[in-house]
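Student: Please find run-v5.tsv (TSV, C-alpha atoms and all ligand atoms) on the next line:
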chain	number	residue	atom	x	y	z
Z	29	MET	CA	56.24	266.93	-49.72
Z	30	SER	CA	53.07	265.59	-51.35
Z	31	ASP	CA	51.10	262.87	-49.57
Z	32	MET	CA	51.78	260.45	-52.33
Z	33	ALA	CA	55.49	260.98	-51.96
Z	34	THR	CA	55.76	258.82	-48.87
Z	35	PRO	CA	58.21	256.00	-49.55
Z	36	THR	CA	57.52	252.40	-48.65
Z	37	HIS	CA	59.99	251.40	-45.98
Z	38	ARG	CA	59.63	247.65	-45.76
Z	39	THR	CA	62.15	245.32	-47.35
Z	40	ARG	CA	61.38	244.60	-50.97
Z	41	VAL	CA	63.81	242.63	-53.11
Z	42	PHE	CA	64.01	243.21	-56.87
Z	43	SER	CA	66.37	241.81	-59.46
Z	44	GLY	CA	66.47	241.19	-63.19
Z	45	VAL	CA	68.11	238.93	-65.73
Z	46	GLN	CA	68.37	239.48	-69.48
Z	47	PRO	CA	66.80	236.95	-71.82
Z	48	SER	CA	69.71	237.14	-74.25
Z	49	GLY	CA	71.20	233.73	-74.83
Z	50	GLY	CA	71.00	231.00	-72.23
Z	51	LEU	CA	71.73	230.99	-68.52
Z	52	THR	CA	75.30	230.36	-67.36
Z	53	LEU	CA	76.63	228.93	-64.14
Z	54	GLY	CA	77.62	232.54	-63.35
Z	55	ASN	CA	73.99	233.67	-63.59
Z	56	TYR	CA	72.91	230.71	-61.52
Z	57	LEU	CA	75.40	231.09	-58.67
Z	58	GLY	CA	75.68	234.88	-58.76
Z	59	ALA	CA	71.98	235.57	-59.13
Z	60	LEU	CA	69.29	232.86	-59.39
Z	61	LYS	CA	70.42	230.77	-56.46
Z	62	ARG	CA	70.52	233.88	-54.30
Z	63	PHE	CA	67.10	234.98	-55.54
Z	64	VAL	CA	65.74	231.68	-54.26
Z	65	GLU	CA	67.44	232.23	-50.90
Z	66	ALA	CA	65.75	235.64	-50.57
Z	67	GLN	CA	62.39	234.07	-51.42
Z	68	GLU	CA	62.98	231.33	-48.83
Z	69	ARG	CA	63.67	233.95	-46.15
Z	70	GLY	CA	60.08	235.09	-46.65
Z	71	THR	CA	60.98	238.54	-48.01
Z	72	GLU	CA	58.78	240.14	-50.65
Z	73	THR	CA	60.59	239.30	-53.91
Z	74	LEU	CA	60.13	240.48	-57.49
Z	75	TYR	CA	62.13	238.95	-60.33
Z	76	CYS	CA	62.04	240.36	-63.80
Z	77	ILE	CA	63.03	239.00	-67.20
Z	78	VAL	CA	64.32	242.21	-68.70
Z	79	ASP	CA	63.36	241.91	-72.36
Z	80	LEU	CA	63.55	245.69	-72.90
Z	81	HIS	CA	67.19	245.52	-71.84
Z	82	ALA	CA	67.90	242.63	-74.18
Z	83	ILE	CA	66.91	244.68	-77.27
Z	84	THR	CA	69.68	247.21	-76.62
Z	85	VAL	CA	71.54	244.85	-78.93
Z	86	TRP	CA	69.77	243.21	-81.88
Z	87	GLN	CA	67.62	240.20	-80.96
Z	88	GLU	CA	66.02	237.88	-83.47
Z	89	PRO	CA	62.30	238.06	-82.47
Z	90	ALA	CA	61.71	234.29	-82.43
Z	91	LYS	CA	64.87	233.74	-80.40
Z	92	LEU	CA	63.96	236.47	-77.93
Z	93	ARG	CA	60.55	234.90	-77.36
Z	94	HIS	CA	62.14	231.51	-76.82
Z	95	ALA	CA	64.85	232.91	-74.52
Z	96	THR	CA	62.23	234.72	-72.43
Z	97	ARG	CA	60.26	231.52	-71.88
Z	98	GLU	CA	63.41	229.52	-71.26
Z	99	LEU	CA	64.59	232.01	-68.68
Z	100	ALA	CA	61.20	231.86	-66.96
Z	101	ALA	CA	61.55	228.07	-66.93
Z	102	GLY	CA	65.09	228.46	-65.53
Z	103	PHE	CA	63.85	230.68	-62.71
Z	104	MET	CA	61.17	228.19	-61.74
Z	105	ALA	CA	63.44	225.16	-62.14
Z	106	ALA	CA	65.99	226.84	-59.86
Z	107	GLY	CA	63.30	227.22	-57.18
Z	108	ILE	CA	61.45	230.47	-57.80
Z	109	ASP	CA	57.82	229.83	-56.93
Z	110	PRO	CA	55.52	232.19	-58.87
Z	111	ALA	CA	53.04	232.03	-56.01
Z	112	ARG	CA	55.56	233.43	-53.53
Z	113	SER	CA	57.70	235.62	-55.81
Z	114	ILE	CA	56.41	237.91	-58.53
Z	115	LEU	CA	57.98	236.62	-61.75
Z	116	PHE	CA	57.31	238.54	-64.96
Z	117	ASN	CA	58.78	240.01	-68.10
Z	118	GLN	CA	59.57	243.70	-68.16
Z	119	SER	CA	57.80	244.78	-71.37
Z	120	GLN	CA	54.42	243.69	-69.94
Z	121	VAL	CA	54.63	246.39	-67.25
Z	122	SER	CA	54.79	249.77	-68.95
Z	123	ALA	CA	55.87	251.64	-65.81
Z	124	HIS	CA	59.47	250.52	-66.40
Z	125	ALA	CA	59.74	252.30	-69.74
Z	126	GLU	CA	57.86	255.37	-68.52
Z	127	MET	CA	60.01	255.82	-65.44
Z	128	GLY	CA	63.07	255.00	-67.55
Z	129	TRP	CA	62.28	258.02	-69.72
Z	130	ALA	CA	61.97	260.27	-66.69
Z	131	PHE	CA	65.37	259.02	-65.51
Z	132	ASN	CA	66.89	259.80	-68.90
Z	133	CYS	CA	66.11	263.35	-67.87
Z	134	VAL	CA	67.54	262.99	-64.34
Z	135	ALA	CA	70.81	261.18	-65.03
Z	136	ARG	CA	73.67	263.20	-66.48
Z	137	MET	CA	75.66	262.33	-69.61
Z	138	GLY	CA	78.83	262.41	-67.53
Z	139	TRP	CA	77.48	259.70	-65.22
Z	140	LEU	CA	76.66	257.36	-68.09
Z	141	ASN	CA	79.95	258.10	-69.82
Z	142	ARG	CA	81.65	256.48	-66.86
Z	143	MET	CA	79.79	253.16	-67.16
Z	144	THR	CA	82.42	250.52	-67.88
Z	145	GLN	CA	79.88	247.98	-69.14
Z	146	PHE	CA	78.88	250.33	-71.97
Z	147	LYS	CA	82.51	250.72	-72.94
Z	148	ASP	CA	83.00	246.94	-72.88
Z	149	LYS	CA	79.83	246.15	-74.80
Z	150	ALA	CA	80.09	248.93	-77.37
Z	151	GLY	CA	83.78	248.17	-77.93
Z	152	LYS	CA	85.55	250.15	-80.61
Z	153	ASN	CA	82.39	250.73	-82.57
Z	154	ARG	CA	80.75	253.24	-80.23
Z	155	GLU	CA	79.21	255.33	-83.00
Z	156	ASN	CA	77.21	252.32	-84.06
Z	157	ALA	CA	75.96	251.29	-80.61
Z	158	SER	CA	72.26	251.82	-79.97
Z	159	VAL	CA	71.19	254.82	-77.88
Z	160	GLY	CA	69.41	252.25	-75.70
Z	161	LEU	CA	72.70	250.54	-74.87
Z	162	PHE	CA	74.05	253.85	-73.59
Z	163	ALA	CA	70.89	254.79	-71.64
Z	164	TYR	CA	70.34	251.24	-70.33
Z	165	PRO	CA	71.45	251.93	-66.72
Z	166	ASN	CA	68.64	254.51	-66.44
Z	167	LEU	CA	66.11	251.82	-67.34
Z	168	MET	CA	67.73	249.52	-64.81
Z	169	ALA	CA	67.30	252.22	-62.16
Z	170	ALA	CA	63.64	252.49	-63.18
Z	171	ASP	CA	63.19	248.71	-62.86
Z	172	ILE	CA	64.27	248.96	-59.26
Z	173	LEU	CA	62.78	252.29	-58.23
Z	174	THR	CA	59.35	251.79	-59.78
Z	175	TYR	CA	58.79	249.27	-56.98
Z	176	HIS	CA	60.58	251.27	-54.30
Z	177	ALA	CA	62.73	248.16	-53.98
Z	178	THR	CA	65.18	248.35	-51.12
Z	179	HIS	CA	67.50	245.41	-51.82
Z	180	VAL	CA	68.94	244.25	-55.11
Z	181	PRO	CA	70.89	240.97	-55.23
Z	182	VAL	CA	73.28	240.97	-58.19
Z	183	GLY	CA	76.72	239.79	-59.26
Z	184	GLU	CA	79.77	242.03	-58.97
Z	185	ASP	CA	79.46	243.25	-62.59
Z	186	GLN	CA	76.27	245.21	-61.77
Z	187	LYS	CA	77.78	247.23	-58.93
Z	188	GLN	CA	78.39	250.37	-60.94
Z	189	HIS	CA	74.82	250.32	-62.26
Z	190	LEU	CA	73.50	250.13	-58.72
Z	191	GLU	CA	75.63	253.08	-57.69
Z	192	LEU	CA	74.05	255.00	-60.57
Z	193	THR	CA	70.60	253.94	-59.31
Z	194	ARG	CA	71.47	255.44	-55.95
Z	195	ASP	CA	72.69	258.65	-57.62
Z	196	ILE	CA	69.46	258.93	-59.61
Z	197	ALA	CA	67.33	258.43	-56.49
Z	198	ILE	CA	69.34	261.02	-54.57
Z	199	LYS	CA	69.24	263.58	-57.39
Z	200	PHE	CA	65.50	263.13	-57.94
Z	201	ASN	CA	64.79	263.51	-54.22
Z	202	HIS	CA	67.03	266.57	-54.10
Z	203	ASP	CA	65.74	268.27	-57.27
Z	204	TYR	CA	62.10	267.91	-56.26
Z	205	ALA	CA	62.72	268.37	-52.52
Z	206	VAL	CA	61.06	265.06	-51.64
Z	207	ASP	CA	62.01	261.90	-49.80
Z	208	PHE	CA	60.43	259.71	-52.43
Z	209	PHE	CA	62.85	257.18	-53.84
Z	210	PRO	CA	64.67	254.90	-51.39
Z	211	VAL	CA	68.43	254.70	-51.65
Z	212	VAL	CA	68.95	251.11	-52.70
Z	213	GLU	CA	71.24	248.60	-51.00
Z	214	PRO	CA	73.22	246.47	-53.43
Z	215	VAL	CA	73.41	242.88	-52.17
Z	216	ILE	CA	76.64	241.48	-53.61
Z	217	GLU	CA	77.39	238.59	-51.30
Z	218	GLY	CA	78.84	235.12	-51.20
Z	219	VAL	CA	81.72	233.38	-52.95
Z	220	ALA	CA	80.19	233.45	-56.42
Z	221	THR	CA	79.65	237.15	-57.07
Z	222	ARG	CA	82.11	236.92	-59.95
Z	223	VAL	CA	82.34	233.48	-61.51
Z	224	MET	CA	85.20	233.56	-63.99
Z	225	SER	CA	85.68	232.05	-67.45
Z	226	LEU	CA	86.96	228.46	-67.46
Z	227	ARG	CA	89.48	229.45	-70.14
Z	228	ASP	CA	90.81	232.64	-68.56
Z	229	GLY	CA	90.64	233.29	-64.83
Z	230	THR	CA	90.85	237.05	-65.35
Z	231	LYS	CA	87.65	237.26	-67.45
Z	232	LYS	CA	84.06	236.96	-66.22
Z	233	MET	CA	82.09	233.86	-67.26
Z	234	SER	CA	79.69	235.28	-69.81
Z	235	LYS	CA	77.03	234.14	-72.24
Z	236	SER	CA	78.55	236.40	-74.87
Z	237	ASP	CA	82.04	234.82	-74.78
Z	238	PRO	CA	82.68	233.35	-78.27
Z	239	SER	CA	84.07	230.14	-76.71
Z	240	ASP	CA	81.40	227.81	-75.35
Z	241	MET	CA	84.19	226.02	-73.44
Z	242	SER	CA	84.58	229.15	-71.30
Z	243	ARG	CA	81.25	228.63	-69.57
Z	244	ILE	CA	78.85	226.07	-68.18
Z	245	ASN	CA	75.34	226.58	-69.56
Z	246	LEU	CA	72.36	225.47	-67.55
Z	247	THR	CA	71.27	223.49	-70.60
Z	248	ASP	CA	74.58	221.53	-70.86
Z	249	ASP	CA	74.30	217.77	-70.39
Z	250	ALA	CA	76.40	215.81	-67.89
Z	251	ASP	CA	79.09	214.82	-70.40
Z	252	THR	CA	79.52	218.39	-71.60
Z	253	ILE	CA	79.81	219.70	-68.03
Z	254	ALA	CA	82.42	217.06	-67.19
Z	255	GLN	CA	84.38	217.80	-70.36
Z	256	LYS	CA	84.35	221.57	-69.77
Z	257	PHE	CA	85.68	221.20	-66.22
Z	258	ARG	CA	88.27	218.64	-67.34
Z	259	LYS	CA	89.55	221.09	-69.97
Z	260	ALA	CA	89.29	224.14	-67.69
Z	261	ARG	CA	92.55	226.05	-67.58
Z	262	THR	CA	94.52	225.53	-64.36
Z	263	ASP	CA	98.14	225.57	-63.17
Z	264	PRO	CA	100.34	222.57	-62.39
Z	265	GLU	CA	100.45	223.10	-58.59
Z	266	PRO	CA	98.32	221.06	-56.18
Z	267	LEU	CA	95.55	222.89	-54.30
Z	268	PRO	CA	96.77	224.80	-51.23
Z	269	ASP	CA	95.63	224.03	-47.68
Z	270	ALA	CA	94.08	227.48	-47.12
Z	271	PRO	CA	92.54	230.27	-49.28
Z	272	GLU	CA	95.62	232.51	-48.86
Z	273	GLY	CA	97.47	229.99	-51.02
Z	274	LEU	CA	95.16	230.86	-53.92
Z	275	GLU	CA	96.71	234.33	-54.21
Z	276	GLY	CA	97.87	234.87	-57.81
Z	277	ARG	CA	96.13	231.65	-58.93
Z	278	ALA	CA	92.97	233.04	-60.51
Z	279	GLU	CA	91.87	229.82	-62.23
Z	280	ALA	CA	92.39	227.66	-59.14
Z	281	ARG	CA	90.54	230.18	-57.00
Z	282	ASN	CA	87.65	230.24	-59.44
Z	283	LEU	CA	87.20	226.46	-59.38
Z	284	VAL	CA	87.39	226.39	-55.57
Z	285	ASN	CA	84.81	229.17	-55.35
Z	286	ILE	CA	82.50	227.40	-57.79
Z	287	TYR	CA	82.76	224.24	-55.70
Z	288	ALA	CA	82.04	226.17	-52.49
Z	289	ALA	CA	79.03	227.95	-54.01
Z	290	LEU	CA	77.57	224.72	-55.40
Z	291	ALA	CA	78.14	222.85	-52.13
Z	292	ASP	CA	76.93	225.76	-49.95
Z	293	CYS	CA	80.17	225.75	-48.00
Z	294	THR	CA	83.22	228.01	-47.64
Z	295	PRO	CA	86.42	227.91	-49.72
Z	296	GLU	CA	88.18	226.93	-46.43
Z	297	ALA	CA	86.01	223.82	-46.20
Z	298	VAL	CA	86.76	222.92	-49.83
Z	299	LEU	CA	90.49	223.24	-49.19
Z	300	ASP	CA	90.21	221.25	-45.95
Z	301	ALA	CA	88.96	218.40	-48.11
Z	302	TYR	CA	91.10	218.88	-51.24
Z	303	GLY	CA	94.22	220.78	-50.08
Z	304	GLY	CA	97.38	219.03	-51.30
Z	305	GLN	CA	95.53	217.23	-54.08
Z	306	GLY	CA	96.04	217.95	-57.77
Z	307	PHE	CA	93.44	219.01	-60.31
Z	308	GLY	CA	93.35	215.44	-61.61
Z	309	ALA	CA	91.37	214.58	-58.47
Z	310	PHE	CA	89.59	217.90	-57.91
Z	311	LYS	CA	88.16	218.48	-61.38
Z	312	PRO	CA	86.17	215.22	-61.55
Z	313	ALA	CA	84.81	215.86	-58.04
Z	314	LEU	CA	83.76	219.36	-59.10
Z	315	ALA	CA	82.16	218.02	-62.29
Z	316	ASP	CA	80.22	215.40	-60.30
Z	317	LEU	CA	78.98	218.04	-57.88
Z	318	ALA	CA	77.96	220.39	-60.70
Z	319	VAL	CA	76.09	217.62	-62.50
Z	320	ALA	CA	74.33	216.59	-59.28
Z	321	LYS	CA	73.17	220.18	-58.71
Z	322	LEU	CA	72.43	221.19	-62.29
Z	323	ALA	CA	70.92	218.04	-63.80
Z	324	PRO	CA	67.62	218.33	-61.88
Z	325	ILE	CA	67.35	222.01	-62.89
Z	326	ASN	CA	68.11	221.11	-66.47
Z	327	ALA	CA	65.45	218.37	-66.49
Z	328	GLU	CA	62.82	220.60	-64.88
Z	329	MET	CA	63.53	223.38	-67.40
Z	330	ALA	CA	62.96	220.93	-70.25
Z	331	ARG	CA	59.71	219.75	-68.65
Z	332	LEU	CA	58.41	223.30	-68.20
Z	333	MET	CA	59.37	224.22	-71.77
Z	334	ASP	CA	56.98	221.53	-73.02
Z	335	ASP	CA	54.13	223.86	-72.06
Z	336	PRO	CA	55.00	227.37	-73.25
Z	337	ALA	CA	51.37	228.52	-72.93
Z	338	GLU	CA	51.52	227.83	-69.20
Z	339	ILE	CA	54.75	229.85	-68.92
Z	340	ASP	CA	53.11	232.76	-70.78
Z	341	ARG	CA	50.07	232.59	-68.51
Z	342	MET	CA	52.29	232.66	-65.44
Z	343	LEU	CA	54.28	235.64	-66.78
Z	344	GLY	CA	51.06	237.52	-67.49
Z	345	GLU	CA	49.81	236.90	-64.00
Z	346	GLY	CA	53.14	238.03	-62.53
Z	347	ALA	CA	53.00	241.17	-64.68
Z	348	ASP	CA	49.50	241.97	-63.37
Z	349	ARG	CA	50.75	241.77	-59.81
Z	350	ALA	CA	53.89	243.78	-60.61
Z	351	ALA	CA	51.87	246.47	-62.42
Z	352	ALA	CA	49.57	246.86	-59.41
Z	353	LEU	CA	52.64	247.68	-57.27
Z	354	ALA	CA	54.35	249.89	-59.85
Z	355	HIS	CA	51.34	251.94	-60.91
Z	356	PRO	CA	50.80	254.09	-57.78
Z	357	ILE	CA	54.53	254.77	-57.51
Z	358	LEU	CA	54.75	255.86	-61.15
Z	359	GLU	CA	51.70	258.07	-60.74
Z	360	ALA	CA	53.16	259.64	-57.61
Z	361	MET	CA	56.42	260.32	-59.43
Z	362	PHE	CA	54.64	262.07	-62.33
Z	363	GLU	CA	52.59	264.04	-59.81
Z	364	ILE	CA	55.76	265.21	-58.08
Z	365	MET	CA	57.24	266.22	-61.44
Z	366	GLY	CA	54.23	268.35	-62.32
Z	367	MET	CA	52.55	266.20	-64.95
Z	368	VAL	CA	48.79	266.60	-65.21
Z	369	ARG	CA	47.33	263.12	-64.67
Z	370	SER	CA	43.59	263.51	-65.29
Z	371	ARG	CA	42.61	260.22	-66.92
Z	372	PRO	CA	41.20	257.46	-64.78
Z	373	ARG	CA	44.00	254.97	-65.10
Z	374	THR	CA	44.35	251.35	-64.24
Z	375	PRO	CA	47.63	249.52	-63.79
Z	376	ARG	CA	48.98	248.18	-67.10
Z	401	LIG	P1	72.65	239.88	-66.69
Z	401	LIG	O1	71.46	239.37	-67.43
Z	401	LIG	O2	73.89	240.14	-67.48
Z	401	LIG	O3	73.01	238.90	-65.51
Z	401	LIG	C1	72.02	238.48	-64.59
Z	401	LIG	C2	72.62	238.36	-63.20
Z	401	LIG	O4	73.68	237.41	-63.22
Z	401	LIG	C3	74.84	237.98	-62.64
Z	401	LIG	N1	76.02	237.42	-63.33
Z	401	LIG	C4	77.06	236.87	-62.69
Z	401	LIG	N2	77.30	236.66	-61.38
Z	401	LIG	C5	78.46	236.05	-61.05
Z	401	LIG	N3	79.36	235.65	-61.97
Z	401	LIG	C6	79.18	235.84	-63.29
Z	401	LIG	N4	80.08	235.43	-64.19
Z	401	LIG	C7	77.97	236.47	-63.70
Z	401	LIG	N5	77.45	236.81	-64.92
Z	401	LIG	C8	76.26	237.39	-64.67
Z	401	LIG	C9	74.71	239.48	-62.91
Z	401	LIG	O5	75.49	240.24	-62.03
Z	401	LIG	C10	73.23	239.67	-62.68
Z	401	LIG	O6	72.95	239.81	-61.30
Z	401	LIG	N6	71.63	244.77	-66.06
Z	401	LIG	C11	71.38	243.42	-65.56
Z	401	LIG	C12	69.92	243.05	-65.53
Z	401	LIG	C13	69.03	244.01	-64.86
Z	401	LIG	C14	68.89	244.20	-63.46
Z	401	LIG	C15	67.89	245.19	-63.30
Z	401	LIG	C16	69.50	243.61	-62.34
Z	401	LIG	C17	68.17	244.86	-65.47
Z	401	LIG	N7	67.48	245.57	-64.55
Z	401	LIG	C18	67.49	245.64	-62.04
Z	401	LIG	C19	69.09	244.07	-61.07
Z	401	LIG	C20	68.10	245.06	-60.95
Z	401	LIG	C21	72.10	242.42	-66.45
Z	401	LIG	O7	72.39	242.69	-67.58
Z	401	LIG	O8	72.27	241.20	-65.87
What would the structure in this file look like if it were written as structure tokens?
Ligand code: TYM
Tutor:
Amino acid sequence: MSDMATPTHRTRVFSGVQPSGGLTLGNYLGALKRFVEAQERGTETLYCIVDLHAITVWQEPAKLRHATRELAAGFMAAGIDPARSILFNQSQVSAHAEMGWAFNCVARMGWLNRMTQFKDKAGKNRENASVGLFAYPNLMAADILTYHATHVPVGEDQKQHLELTRDIAIKFNHDYAVDFFPVVEPVIEGVATRVMSLRDGTKKMSKSDPSDMSRINLTDDADTIAQKFRKARTDPEPLPDAPEGLEGRAEARNLVNIYAALADCTPEAVLDAYGGQGFGAFKPALADLAVAKLAPINAEMARLMDDPAEIDRMLGEGADRAAALAHPILEAMFEIMGMVRSRPRTPR
């Protein structure tokens, strides 16, 4: 084992969000809010706006630029402090793409063929999907492993990609007889790891759903939020007294979980308060809670978006710090693989 192949063992949290479309309540509860919690625990945290992932499907350049800045504003408005967390956009740190290429050569076609998200996103028109959309999980593995990150907080939908990241790390270590890449721990925790559509409790809340009524966007105003919860699909039964009573009631369960996640309490506590009551009472309470939690974020996002140059400056600074961490790990990986690295190189 080469000297440079010594892994970092301390806890390092990494996660990413795509700047494609706006942020949903699913992204907020399943990811952003938990990113802030990791930061508040004092762990080393890196959060990445994955613009290279976004272009796996066509992005209008002006919209991509705007979405990147808006997502950065969303991170900060939700509580990410760029002084304590490293916040940056992926394309400014070239190590991601370089390691992603190496992983294209480690991962097997069969592994990627099993990725359900590719099947969902490519749909029936697979022949016309970009190669990037297929290879995307390899880039995601590179995002994580180029920092030797140990913990990755994500929503439930990313689980399979994290398993692939583990497989890539294990295969690389095995093929080159090193103990170089850490085997990553997925952190899929809490009641909001899979926030469902407000129109269909069996489908994930998603920014790509054609119906805007299916999701709460972080940019929605108070009236829109109230209207979306009021119109959310439910059943005619009152809420049960305990979570077991939510069995087979996907929509009811989803609303209870959203309430619990927003209020930082358990579904049991929500049902202690609302069990026996109908949705006529629960939905307005949920809407009020959501507005109380989201309105300050919404307002802060708007304030930050007034100064895009400051956002860009902050992202550049974050990218400098990220590159300084990624660079030696990338170099060590190439060294292990047998690449001649004879230029004096600085992180970029
Ligand atoms: P993305 O941009 O689709 O989603 C960002 C994060 O939000 C979570 N999420 C949800 N959580 C709960 N309920 C929902 N309805 C919901 N919708 C989205 C996602 O699980 C995710 O945590 N491939 C990733 C981005 C990525 C990444 C990474 C993540 C790229 N590289 C490295 C972690 C580590 C994605 O497309 O997430």
Student: Hey, which of Z:Ala280, Z:Met143, Z:Val45, Z:Leu60 ends up closest to Thr221 of chain Z? Count all atoms listed in the file.
Tutor: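 Ranked by minimum distance to Thr221 of chain Z, first place goes to Z:Leu60.
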Student: With all atoms listed in the file as the basis for distance, which of Z:Ala197, Z:Ala327, Z:Leu92, Z:Val223 is at the shortest distance from Gly50 of chain Z?
Tutor: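 Result for the nearest residue to Gly50 of chain Z: Z:Leu92.
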Student: Please determine, counting all atoms listed in the file, which residue among Z:Tyr56, Z:Phe116, Z:Trp86, Z:Phe63 has the shortest atom-to-atom distance to Ile339 of chain Z.
Tutor: Z:Phe116
Student: Please, which residues are within 12 Å of (63.4, 248.3, -53.8) by the file's coordinates, counting only C-alpha atoms, and could they come as a ChimeraX atom specification?
Tutor: /Z:35-43,71-75,168-181,190,193-194,197,208-215,353-354,357
Student: Produce the centre coordinates and the three edge lengths, each in Å to one decimal, of the box along x, y and z that contains all listed atoms of ligand LIG 401 (chain Z) with 8 Å added on each side, as JSON.
Tutor:
{"center_x": 73.8, "center_y": 240.5, "center_z": -64.3, "size_x": 28.6, "size_y": 26.2, "size_z": 22.6}
Student: State, in Å with one decimal place, the distance from atom CA of Ala270 of chain Z to atom CA of Cys293 of chain Z.
Tutor: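 Atom CA of Cys293 of chain Z lies 14.0 Å from atom CA of Ala270 of chain Z.
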Student: Please determine, counting only C-alpha atoms, which residue among Z:Gly308, Z:Pro375, Z:Gly273, Z:Gly128 has the shortest atom-to-atom distance to Lys259 of chain Z.
Tutor: Z:Gly308
Student: May I ask which of the residues Z:Ile108, Z:Leu358, Z:Ala260, Z:Ala289 is the closest one to Gly229 of chain Z, counting all atoms listed in the file?
Tutor: Z:Ala260
Student: Write out as a list in words which residues come within 12 Å of Ala313 of chain Z when counting only C-alpha atoms, dropping same-chain ones fewer than 2 positions away.
Tutor: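 Near neighbours after the sequence-gap exclusion: Ile253, Ala254, Phe257, Arg258, Leu283, Val284, Ile286, Tyr287, Leu290, Ala291, Val298, Ala301, Tyr302, Gln305, Gly306, Phe307, Gly308, Ala309, Phe310, Lys311, Ala315, Asp316, Leu317, Ala318, Val319 and Ala320 of chain Z.
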Student: I'd like to know which of Z:Ala220, Z:Ala105, Z:Ala135, Z:Ala150 is closest to ligand LIG 401 (chain Z), using all atoms listed in the file.
Tutor: Z:Ala220
Student: Distance atom CA of Gly102 of chain Z-atom N1 of ligand LIG 401 (chain Z), one decimal place?
Tutor: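 It comes out at 14.3 Å.
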Student: When you draw a straight line from atom O5 of ligand LIG 401 (chain Z) to atom CA of Ser113 of chain Z, how long is it in Å?
Tutor: 19.4 Å
Student: What's the 9 Å shell around Leu299 of chain Z, counting only C-alpha atoms, without same-chain residues fewer than 3 positions away, as an MDAnalysis selection string?
Tutor: chainID Z and resid 267:271 284 294:296 302:304
Student: Give me, as a Markdown table, each residue of segment 30-140 of chain Z that comes within 12 Å of segment 146-149 of chain Z, together with its shortest interatomic pair and the distance in Å at one decimal, counting all atoms listed in the file, with rows ordered by chain and rising residue number.
Tutor:
| residue | atom | partner | partner_atom | distance |
| --- | --- | --- | --- | --- |
| Z:Thr84 | CA | Z:Lys149 | CA | 10.4 |
| Z:Val85 | CA | Z:Lys149 | CA | 9.4 |
| Z:Trp139 | CA | Z:Phe146 | CA | 11.6 |
| Z:Leu140 | CA | Z:Phe146 | CA | 8.3 |
Student: Within 10 Å of Leu343 of chain Z, counting only C-alpha atoms, which residues show up once you throw out same-chain ones fewer than 3 positions away? Write them as number ranges by chain, please.
Tutor: Z: 76-77, 96-97, 100, 110, 114-118, 120, 337-340, 346-349
